[in-house]
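J.: I'm passing along run_27.cif; it holds mmCIF, C-alpha atoms.
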data_my_file
loop_
_atom_site.group_PDB
_atom_site.id
_atom_site.type_symbol
_atom_site.label_atom_id
_atom_site.label_comp_id
_atom_site.auth_asym_id
_atom_site.auth_seq_id
_atom_site.Cartn_x
_atom_site.Cartn_y
_atom_site.Cartn_z
ATOM 1 C CA MET A 203 112.278 83.886 -42.270
ATOM 2 C CA THR A 204 111.678 82.111 -38.988
ATOM 3 C CA VAL A 205 110.273 85.268 -37.439
ATOM 4 C CA ILE A 206 107.837 85.820 -40.316
ATOM 5 C CA ARG A 207 106.601 82.254 -40.191
ATOM 6 C CA GLY A 208 106.001 82.494 -36.416
ATOM 7 C CA THR A 209 104.025 85.690 -36.776
ATOM 8 C CA GLY A 210 101.828 84.186 -39.453
ATOM 9 C CA ARG A 211 101.027 81.165 -37.319
ATOM 10 C CA ARG A 212 99.997 83.399 -34.406
ATOM 11 C CA ARG A 213 97.670 85.412 -36.590
ATOM 12 C CA GLY A 214 96.069 82.252 -37.923
ATOM 13 C CA ALA A 215 95.522 80.952 -34.412
ATOM 14 C CA LEU A 216 93.887 84.203 -33.336
ATOM 15 C CA LEU A 217 91.573 84.214 -36.321
ATOM 16 C CA ALA A 218 90.565 80.617 -35.685
ATOM 17 C CA ALA A 219 89.834 81.354 -32.036
ATOM 18 C CA ALA A 220 87.722 84.374 -32.990
ATOM 19 C CA ALA A 221 85.753 82.363 -35.515
ATOM 20 C CA ALA A 222 85.116 79.621 -32.996
ATOM 21 C CA GLY A 223 83.893 82.184 -30.503
ATOM 22 C CA LEU A 224 81.450 83.645 -32.999
ATOM 23 C CA VAL A 225 80.117 80.219 -33.862
ATOM 24 C CA GLY A 226 79.655 79.455 -30.165
ATOM 25 C CA VAL A 227 77.743 82.676 -29.592
ATOM 26 C CA GLY A 228 75.521 81.938 -32.560
ATOM 27 C CA LEU A 229 74.778 78.448 -31.307
ATOM 28 C CA THR A 230 73.856 79.696 -27.857
ATOM 29 C CA ALA A 231 71.723 82.532 -29.220
ATOM 30 C CA ALA A 232 69.761 80.426 -31.699
ATOM 31 C CA PRO A 233 67.810 78.377 -29.153
ATOM 32 C CA ALA A 234 66.944 81.522 -27.190
ATOM 33 C CA GLN A 235 65.399 83.078 -30.284
ATOM 34 C CA ALA A 236 63.583 79.847 -31.228
ATOM 35 C CA HIS A 237 61.224 79.685 -28.185
ATOM 36 C CA ASN A 238 58.296 82.041 -28.687
ATOM 37 C CA PRO A 239 55.785 82.185 -25.800
ATOM 38 C CA VAL A 240 52.833 84.510 -26.512
ATOM 39 C CA TRP A 241 49.701 84.886 -24.395
ATOM 40 C CA LYS A 242 46.976 87.524 -24.317
ATOM 41 C CA VAL A 243 44.473 88.349 -21.584
ATOM 42 C CA THR A 244 41.088 90.081 -21.948
ATOM 43 C CA CYS A 245 38.285 90.564 -19.451
ATOM 44 C CA ASP A 246 36.777 87.167 -20.266
ATOM 45 C CA GLN A 247 39.388 85.095 -22.110
ATOM 46 C CA VAL A 248 43.001 83.937 -22.155
ATOM 47 C CA THR A 249 44.741 83.080 -25.441
ATOM 48 C CA VAL A 250 47.985 81.066 -25.328
ATOM 49 C CA ASP A 251 50.249 80.516 -28.357
ATOM 50 C CA LEU A 252 53.563 78.728 -27.658
ATOM 51 C CA THR A 253 55.593 78.128 -30.813
ATOM 52 C CA ARG A 254 59.080 77.014 -31.878
ATOM 53 C CA TYR A 255 59.656 74.840 -28.819
ATOM 54 C CA SER A 256 61.625 71.616 -28.881
ATOM 55 C CA ASP A 257 60.044 68.769 -30.806
ATOM 56 C CA GLU A 258 62.055 66.191 -28.856
ATOM 57 C CA ALA A 259 61.841 67.431 -25.279
ATOM 58 C CA VAL A 260 58.573 67.416 -23.312
ATOM 59 C CA ASN A 261 57.323 70.917 -22.420
ATOM 60 C CA THR A 262 54.667 71.773 -19.809
ATOM 61 C CA VAL A 263 52.240 74.726 -19.536
ATOM 62 C CA THR A 264 50.034 75.706 -16.584
ATOM 63 C CA ILE A 265 47.664 78.676 -15.972
ATOM 64 C CA LYS A 266 46.221 79.719 -12.613
ATOM 65 C CA ALA A 267 43.539 82.314 -11.847
ATOM 66 C CA ASP A 268 43.799 83.800 -8.337
ATOM 67 C CA GLY A 269 45.743 80.704 -7.274
ATOM 68 C CA LYS A 270 43.207 78.229 -8.705
ATOM 69 C CA ASP A 271 43.884 75.977 -11.684
ATOM 70 C CA LEU A 272 42.447 77.500 -14.827
ATOM 71 C CA LEU A 273 44.527 75.217 -17.050
ATOM 72 C CA PRO A 274 45.959 72.151 -15.312
ATOM 73 C CA ALA A 275 49.449 71.119 -16.376
ATOM 74 C CA GLU A 276 49.458 70.044 -20.028
ATOM 75 C CA GLN A 277 52.412 68.616 -21.920
ATOM 76 C CA PHE A 278 53.252 69.514 -25.506
ATOM 77 C CA LYS A 279 56.024 69.271 -28.077
ATOM 78 C CA GLY A 280 56.802 71.916 -30.658
ATOM 79 C CA GLU A 281 53.672 74.089 -30.365
ATOM 80 C CA PHE A 282 50.730 74.718 -28.059
ATOM 81 C CA HIS A 283 47.593 76.780 -28.832
ATOM 82 C CA LYS A 284 44.558 77.243 -26.633
ATOM 83 C CA LYS A 285 41.783 79.719 -25.748
ATOM 84 C CA ILE A 286 40.262 79.550 -22.285
ATOM 85 C CA LYS A 287 37.144 81.301 -21.007
ATOM 86 C CA LEU A 288 37.581 83.115 -17.714
ATOM 87 C CA PRO A 289 35.118 82.654 -14.858
ATOM 88 C CA ALA A 290 32.764 85.515 -14.079
ATOM 89 C CA HIS A 291 34.426 88.015 -11.760
ATOM 90 C CA ASP A 292 33.437 91.355 -10.240
ATOM 91 C CA LYS A 293 37.025 92.402 -9.524
ATOM 92 C CA ALA A 294 40.366 92.163 -11.319
ATOM 93 C CA LEU A 295 41.548 88.569 -11.771
ATOM 94 C CA THR A 296 45.238 87.682 -11.395
ATOM 95 C CA LEU A 297 46.463 85.174 -13.987
ATOM 96 C CA ARG A 298 49.771 83.323 -13.876
ATOM 97 C CA LEU A 299 51.317 81.483 -16.837
ATOM 98 C CA VAL A 300 54.051 78.927 -16.148
ATOM 99 C CA VAL A 301 55.867 77.299 -19.075
ATOM 100 C CA LYS A 302 58.596 74.743 -18.371
ATOM 101 C CA ALA A 303 60.792 74.031 -21.374
ATOM 102 C CA GLY A 304 62.082 70.481 -21.577
ATOM 103 C CA ASP A 305 65.342 71.520 -23.243
ATOM 104 C CA GLY A 306 66.481 73.901 -20.500
ATOM 105 C CA ASP A 307 65.177 76.048 -17.648
ATOM 106 C CA GLN A 308 66.596 79.129 -19.327
ATOM 107 C CA TYR A 309 63.732 78.863 -21.862
ATOM 108 C CA SER A 310 61.005 78.520 -19.256
ATOM 109 C CA ARG A 311 58.518 81.312 -18.476
ATOM 110 C CA ASP A 312 56.730 82.424 -15.287
ATOM 111 C CA GLU A 313 54.617 85.520 -15.972
ATOM 112 C CA THR A 314 51.654 87.203 -14.285
ATOM 113 C CA ARG A 315 48.936 89.368 -15.844
ATOM 114 C CA THR A 316 45.606 90.836 -14.755
ATOM 115 C CA ALA A 317 42.203 90.335 -16.345
ATOM 116 C CA PRO A 318 39.987 93.401 -15.860
ATOM 117 C CA VAL A 319 36.282 93.325 -15.074
ATOM 118 C CA CYS A 320 34.057 93.319 -18.139
ATOM 119 C CA ASP A 321 31.718 96.239 -18.556
ATOM 120 C CA THR A 322 28.280 94.679 -18.372
ATOM 121 C CA ALA A 323 25.916 97.629 -18.501
ATOM 122 C CA PRO A 324 22.281 96.478 -18.444
ATOM 123 C CA PRO A 325 20.581 96.901 -21.797
ATOM 124 C CA THR A 326 18.194 99.805 -22.004
ATOM 125 C CA LYS A 327 14.591 98.732 -22.149
ATOM 126 C CA PRO A 328 12.567 100.233 -24.992
ATOM 127 C CA SER A 329 9.857 102.578 -23.823
ATOM 128 C CA PRO A 330 6.392 101.030 -24.146
ATOM 129 C CA LYS A 331 4.329 102.275 -27.044
ATOM 130 C CA PRO A 332 1.195 104.212 -26.024
ATOM 131 C CA SER A 333 -1.948 102.215 -26.609
ATOM 132 C CA PRO A 334 -4.413 103.753 -29.110
ATOM 133 C CA PRO A 335 -7.517 105.325 -27.562
ATOM 134 C CA ALA A 336 -10.549 103.094 -27.387
ATOM 135 C CA LYS A 337 -13.116 103.780 -30.092
ATOM 136 C CA PRO A 338 -16.577 104.769 -28.731
ATOM 137 C CA LYS A 339 -19.235 102.174 -29.326
ATOM 138 C CA PRO A 340 -22.044 103.410 -31.636
ATOM 139 C CA THR A 341 -25.471 103.679 -29.998
ATOM 140 C CA PRO A 342 -28.001 101.239 -31.469
ATOM 141 C CA SER A 343 -30.476 103.006 -33.752
ATOM 142 C CA ALA A 344 -33.944 101.871 -34.761
ATOM 143 C CA ARG A 345 -33.984 99.566 -37.709
ATOM 144 C CA PRO A 346 -35.407 101.121 -40.868
ATOM 145 C CA GLY A 347 -38.959 99.996 -41.540
ATOM 146 C CA GLY A 348 -39.402 98.651 -38.034
ATOM 147 C CA PRO A 349 -42.447 99.441 -35.875
ATOM 148 C CA ALA A 350 -42.374 102.793 -34.150
ATOM 149 C CA PRO A 351 -42.393 102.686 -30.377
ATOM 150 C CA ALA A 352 -45.976 102.720 -28.971
ATOM 151 C CA PRO A 353 -46.914 106.022 -27.310
ATOM 152 C CA SER A 354 -47.441 105.912 -23.618
ATOM 153 C CA THR A 355 -51.162 105.734 -22.641
ATOM 154 C CA SER A 356 -50.740 106.655 -19.035
ATOM 155 C CA ALA A 357 -51.807 110.221 -18.238
ATOM 156 C CA PRO A 358 -49.394 112.451 -16.470
ATOM 157 C CA ALA A 359 -49.863 112.353 -12.742
ATOM 158 C CA ALA A 360 -51.795 115.344 -11.380
ATOM 159 C CA PRO A 361 -49.804 117.558 -9.103
ATOM 160 C CA ALA A 362 -50.628 117.149 -5.430
ATOM 161 C CA PRO A 363 -52.674 120.073 -4.014
ATOM 162 C CA GLN A 364 -50.647 122.465 -2.017
ATOM 163 C CA PRO A 365 -52.108 123.735 1.265
ATOM 164 C CA SER A 366 -53.122 127.435 1.330
ATOM 165 C CA ALA A 367 -51.027 129.837 3.265
ATOM 166 C CA ASP A 368 -54.156 131.310 4.984
ATOM 167 C CA LEU A 369 -55.268 127.843 6.073
ATOM 168 C CA ALA A 370 -51.923 127.168 7.610
ATOM 169 C CA GLU A 371 -52.077 130.443 9.547
ATOM 170 C CA THR A 372 -55.745 130.494 10.819
ATOM 171 C CA GLY A 373 -56.569 126.835 10.902
ATOM 172 C CA SER A 374 -59.808 127.358 8.783
ATOM 173 C CA SER A 375 -60.543 127.178 5.071
ATOM 174 C CA ASN A 376 -61.209 130.137 2.711
ATOM 175 C CA SER A 377 -65.012 129.376 2.621
ATOM 176 C CA THR A 378 -65.539 130.139 6.340
ATOM 177 C CA PRO A 379 -66.529 133.858 5.818
ATOM 178 C CA LEU A 380 -68.996 132.853 3.114
ATOM 179 C CA VAL A 381 -70.694 130.276 5.356
ATOM 180 C CA ALA A 382 -70.843 132.760 8.202
ATOM 181 C CA GLY A 383 -72.454 135.366 5.976
ATOM 182 C CA MET A 384 -75.094 132.936 4.717
ATOM 183 C CA GLY A 385 -75.912 131.923 8.284
ATOM 184 C CA GLY A 386 -76.387 135.542 9.285
ATOM 185 C CA GLY A 387 -78.746 136.160 6.351
ATOM 186 C CA VAL A 388 -80.867 133.146 7.280
ATOM 187 C CA LEU A 389 -81.031 134.383 10.866
ATOM 188 C CA VAL A 390 -82.201 137.851 9.760
ATOM 189 C CA ALA A 391 -84.800 136.385 7.429
ATOM 190 C CA GLY A 392 -86.183 134.131 10.185
ATOM 191 C CA THR A 393 -86.426 137.050 12.553
ATOM 192 C CA GLY A 394 -88.390 139.050 9.974
ATOM 193 C CA ILE A 395 -90.780 136.203 9.350
ATOM 194 C CA VAL A 396 -91.437 135.770 13.074
ATOM 195 C CA TRP A 397 -92.074 139.523 13.492
ATOM 196 C CA ALA A 398 -94.493 139.639 10.577
ATOM 197 C CA ALA A 399 -96.468 136.670 11.896
ATOM 198 C CA ARG A 400 -96.852 138.260 15.296
ATOM 199 C CA ARG A 401 -98.029 141.475 13.723
ATOM 200 C CA ARG A 402 -100.694 139.669 11.770
ATOM 201 C CA ARG A 403 -101.969 137.930 14.883
ATOM 202 C CA THR A 404 -102.214 141.284 16.724
ATOM 203 C CA ALA A 405 -104.192 142.829 13.899
ATOM 204 C CA ARG A 406 -106.730 140.043 13.901
ATOM 205 C CA HIS A 407 -107.609 140.353 17.567
#
Represent the structure of the file as structure tokens.

T.:
Amino acid sequence: MTVIRGTGRRRGALLAAAAAGLVGVGLTAAPAQAHNPVWKVTCDQVTVDLTRYSDEAVNTVTIKADGKDLLPAEQFKGEFHKKIKLPAHDKALTLRLVVKAGDGDQYSRDETRTAPVCDTAPPTKPSPKPSPPAKPKPTPSARPGGPAPAPSTSAPAAPAPQPSADLAETGSSNSTPLVAGMGGGVLVAGTGIVWAARRRRTARH
């Protein structure tokens, strides 16, 4: 009987120790699962959501962009939510999130992520519309019933006389042969008259 009682006590002690160990593991695991740090990074924004932190201890969060303060140290209890615009950058931006839990360093976070460069393609300009062709202006016409334009009274200018080709070559006009012929006839007639008068005088004597 003594042996049986001793064995039963040992088994009870082992079971109690195992139960205590399980409870201890559960207590240590619960706080680790309670802290929930979530943060997302895009090309132009950082979103931070820290939930299920201690409501009694003071927690601190800090964000740096390429070593410069993007979010100075802020304290919170329980939860923290914030969206932060990133500065313009033409190369990848290194972001660092540091969360210090007030209820133990094992719940703190120190993580680094990279924000890519945003694709900022210039918008395409619409092609200009062709302008419509200009309409021709109508020529003014005479008003109906109006006076007709007066006819021109000035006579057409007479054409200027053109010099003769023969005159340009010989230096004399076309009437020169006619004048010469008339002069010769007069000379012949005068000679005949003189001869007849002399003959009459001879006959008288």

J.: If you count all atoms listed in the file, which residues fall within 8 Å of Lys279 (chain A), apart from same-chain ones fewer than 3 positions away, as a ChimeraX atom specification?

T.: /A:255-261,282

J.: For a quick check of your reading of the model, name the residues lying within 12 Å of the coordinate (45.0, 78.8, -27.9), counting all atoms listed in the file, and write them as number ranges by chain.

T.: A: 239-243, 247-253, 263, 273, 281-287

J.: Dump as a PDB file with C-alpha atoms, in the coordinates of the input all residues having an atom at most 12 Å from (43.2, 77.0, -11.3), computed in the file's coordinates with only C-alpha atoms.

T.:
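As a result, result.pdb now contains:
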ATOM      1  CA  THR A 264      50.034  75.706 -16.584  1.00  0.00           C
ATOM      2  CA  ILE A 265      47.664  78.676 -15.972  1.00  0.00           C
ATOM      3  CA  LYS A 266      46.221  79.719 -12.613  1.00  0.00           C
ATOM      4  CA  ALA A 267      43.539  82.314 -11.847  1.00  0.00           C
ATOM      5  CA  ASP A 268      43.799  83.800  -8.337  1.00  0.00           C
ATOM      6  CA  GLY A 269      45.743  80.704  -7.274  1.00  0.00           C
ATOM      7  CA  LYS A 270      43.207  78.229  -8.705  1.00  0.00           C
ATOM      8  CA  ASP A 271      43.884  75.977 -11.684  1.00  0.00           C
ATOM      9  CA  LEU A 272      42.447  77.500 -14.827  1.00  0.00           C
ATOM     10  CA  LEU A 273      44.527  75.217 -17.050  1.00  0.00           C
ATOM     11  CA  PRO A 274      45.959  72.151 -15.312  1.00  0.00           C
ATOM     12  CA  ALA A 275      49.449  71.119 -16.376  1.00  0.00           C
ATOM     13  CA  ILE A 286      40.262  79.550 -22.285  1.00  0.00           C
ATOM     14  CA  LEU A 288      37.581  83.115 -17.714  1.00  0.00           C
ATOM     15  CA  PRO A 289      35.118  82.654 -14.858  1.00  0.00           C
ATOM     16  CA  LEU A 295      41.548  88.569 -11.771  1.00  0.00           C
ATOM     17  CA  THR A 296      45.238  87.682 -11.395  1.00  0.00           C
ATOM     18  CA  LEU A 297      46.463  85.174 -13.987  1.00  0.00           C
ATOM     19  CA  ARG A 298      49.771  83.323 -13.876  1.00  0.00           C
ATOM     20  CA  LEU A 299      51.317  81.483 -16.837  1.00  0.00           C
TER      21      LEU A 299
END

J.: What is the distance, in Å and to one decimal place, between CA of Ala294 (chain A) and CA of Pro318 (chain A)?

T.: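 Taking CA of Ala294 (chain A) as the start and CA of Pro318 (chain A) as the end point, the length is 4.7 Å.
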
J.: How many Å lie between CA of Arg315 (chain A) and CA of Gln277 (chain A), rounded to one decimal?

T.: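 CA of Gln277 (chain A) lies 21.9 Å from CA of Arg315 (chain A).
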
J.: Reconstruct all heavy atoms of region 389-400 of chain A from the incomplete input and present them as a JSON list (two decimals), in the frame of the given file.

T.:
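Saved result, out-v7.json, follows:
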[["chain", "number", "residue", "atom", "x", "y", "z"],
["A", 389, "LEU", "N", -80.56, 133.94, 9.56],
["A", 389, "LEU", "CA", -81.03, 134.38, 10.87],
["A", 389, "LEU", "C", -81.87, 135.66, 10.76],
["A", 389, "LEU", "O", -82.93, 135.79, 11.40],
["A", 389, "LEU", "CB", -79.82, 134.60, 11.80],
["A", 389, "LEU", "CG", -80.16, 135.04, 13.24],
["A", 389, "LEU", "CD1", -81.02, 133.97, 13.92],
["A", 389, "LEU", "CD2", -78.89, 135.30, 14.03],
["A", 390, "VAL", "N", -81.45, 136.59, 9.93],
["A", 390, "VAL", "CA", -82.20, 137.85, 9.76],
["A", 390, "VAL", "C", -83.54, 137.59, 9.12],
["A", 390, "VAL", "O", -84.60, 138.14, 9.51],
["A", 390, "VAL", "CB", -81.37, 138.84, 8.93],
["A", 390, "VAL", "CG1", -82.22, 140.06, 8.57],
["A", 390, "VAL", "CG2", -80.15, 139.28, 9.71],
["A", 391, "ALA", "N", -83.51, 136.68, 8.10],
["A", 391, "ALA", "CA", -84.80, 136.38, 7.43],
["A", 391, "ALA", "C", -85.76, 135.73, 8.37],
["A", 391, "ALA", "O", -86.99, 136.01, 8.39],
["A", 391, "ALA", "CB", -84.51, 135.49, 6.20],
["A", 392, "GLY", "N", -85.29, 134.79, 9.22],
["A", 392, "GLY", "CA", -86.18, 134.13, 10.18],
["A", 392, "GLY", "C", -86.76, 135.12, 11.19],
["A", 392, "GLY", "O", -87.94, 135.04, 11.56],
["A", 393, "THR", "N", -85.93, 136.04, 11.60],
["A", 393, "THR", "CA", -86.43, 137.05, 12.55],
["A", 393, "THR", "C", -87.52, 137.90, 11.93],
["A", 393, "THR", "O", -88.54, 138.24, 12.58],
["A", 393, "THR", "CB", -85.27, 137.94, 13.01],
["A", 393, "THR", "OG1", -84.25, 137.11, 13.58],
["A", 393, "THR", "CG2", -85.72, 138.95, 14.05],
["A", 394, "GLY", "N", -87.36, 138.24, 10.66],
["A", 394, "GLY", "CA", -88.39, 139.05, 9.97],
["A", 394, "GLY", "C", -89.68, 138.29, 9.83],
["A", 394, "GLY", "O", -90.79, 138.86, 9.97],
["A", 395, "ILE", "N", -89.55, 137.00, 9.52],
["A", 395, "ILE", "CA", -90.78, 136.20, 9.35],
["A", 395, "ILE", "C", -91.53, 136.11, 10.67],
["A", 395, "ILE", "O", -92.77, 136.23, 10.74],
["A", 395, "ILE", "CB", -90.42, 134.81, 8.81],
["A", 395, "ILE", "CG1", -89.88, 134.94, 7.36],
["A", 395, "ILE", "CG2", -91.61, 133.86, 8.85],
["A", 395, "ILE", "CD1", -89.33, 133.65, 6.81],
["A", 396, "VAL", "N", -90.78, 135.86, 11.76],
["A", 396, "VAL", "CA", -91.44, 135.77, 13.07],
["A", 396, "VAL", "C", -92.11, 137.08, 13.43],
["A", 396, "VAL", "O", -93.24, 137.14, 13.96],
["A", 396, "VAL", "CB", -90.41, 135.36, 14.14],
["A", 396, "VAL", "CG1", -91.04, 135.45, 15.54],
["A", 396, "VAL", "CG2", -89.91, 133.94, 13.87],
["A", 397, "TRP", "N", -91.51, 138.21, 13.14],
["A", 397, "TRP", "CA", -92.07, 139.52, 13.49],
["A", 397, "TRP", "C", -93.33, 139.81, 12.68],
["A", 397, "TRP", "O", -94.33, 140.32, 13.19],
["A", 397, "TRP", "CB", -91.01, 140.59, 13.23],
["A", 397, "TRP", "CG", -91.49, 141.98, 13.56],
["A", 397, "TRP", "CD1", -91.64, 142.58, 14.73],
["A", 397, "TRP", "CD2", -91.93, 142.89, 12.57],
["A", 397, "TRP", "NE1", -92.13, 143.84, 14.62],
["A", 397, "TRP", "CE2", -92.33, 144.07, 13.23],
["A", 397, "TRP", "CE3", -92.03, 142.86, 11.18],
["A", 397, "TRP", "CZ2", -92.82, 145.20, 12.58],
["A", 397, "TRP", "CZ3", -92.51, 144.00, 10.56],
["A", 397, "TRP", "CH2", -92.90, 145.13, 11.24],
["A", 398, "ALA", "N", -93.32, 139.41, 11.42],
["A", 398, "ALA", "CA", -94.49, 139.64, 10.58],
["A", 398, "ALA", "C", -95.65, 138.79, 11.03],
["A", 398, "ALA", "O", -96.82, 139.22, 11.01],
["A", 398, "ALA", "CB", -94.13, 139.33, 9.10],
["A", 399, "ALA", "N", -95.38, 137.55, 11.44],
["A", 399, "ALA", "CA", -96.47, 136.67, 11.90],
["A", 399, "ALA", "C", -97.10, 137.21, 13.16],
["A", 399, "ALA", "O", -98.34, 137.19, 13.34],
["A", 399, "ALA", "CB", -95.92, 135.26, 12.11],
["A", 400, "ARG", "N", -96.33, 137.70, 14.07],
["A", 400, "ARG", "CA", -96.85, 138.26, 15.30],
["A", 400, "ARG", "C", -97.70, 139.48, 15.00],
["A", 400, "ARG", "O", -98.74, 139.72, 15.66],
["A", 400, "ARG", "CB", -95.71, 138.62, 16.26],
["A", 400, "ARG", "CG", -95.07, 137.41, 16.88],
["A", 400, "ARG", "CD", -93.98, 137.87, 17.81],
["A", 400, "ARG", "NE", -93.33, 136.71, 18.45],
["A", 400, "ARG", "CZ", -92.33, 136.81, 19.28],
["A", 400, "ARG", "NH1", -91.84, 138.03, 19.64],
["A", 400, "ARG", "NH2", -91.80, 135.72, 19.83]]
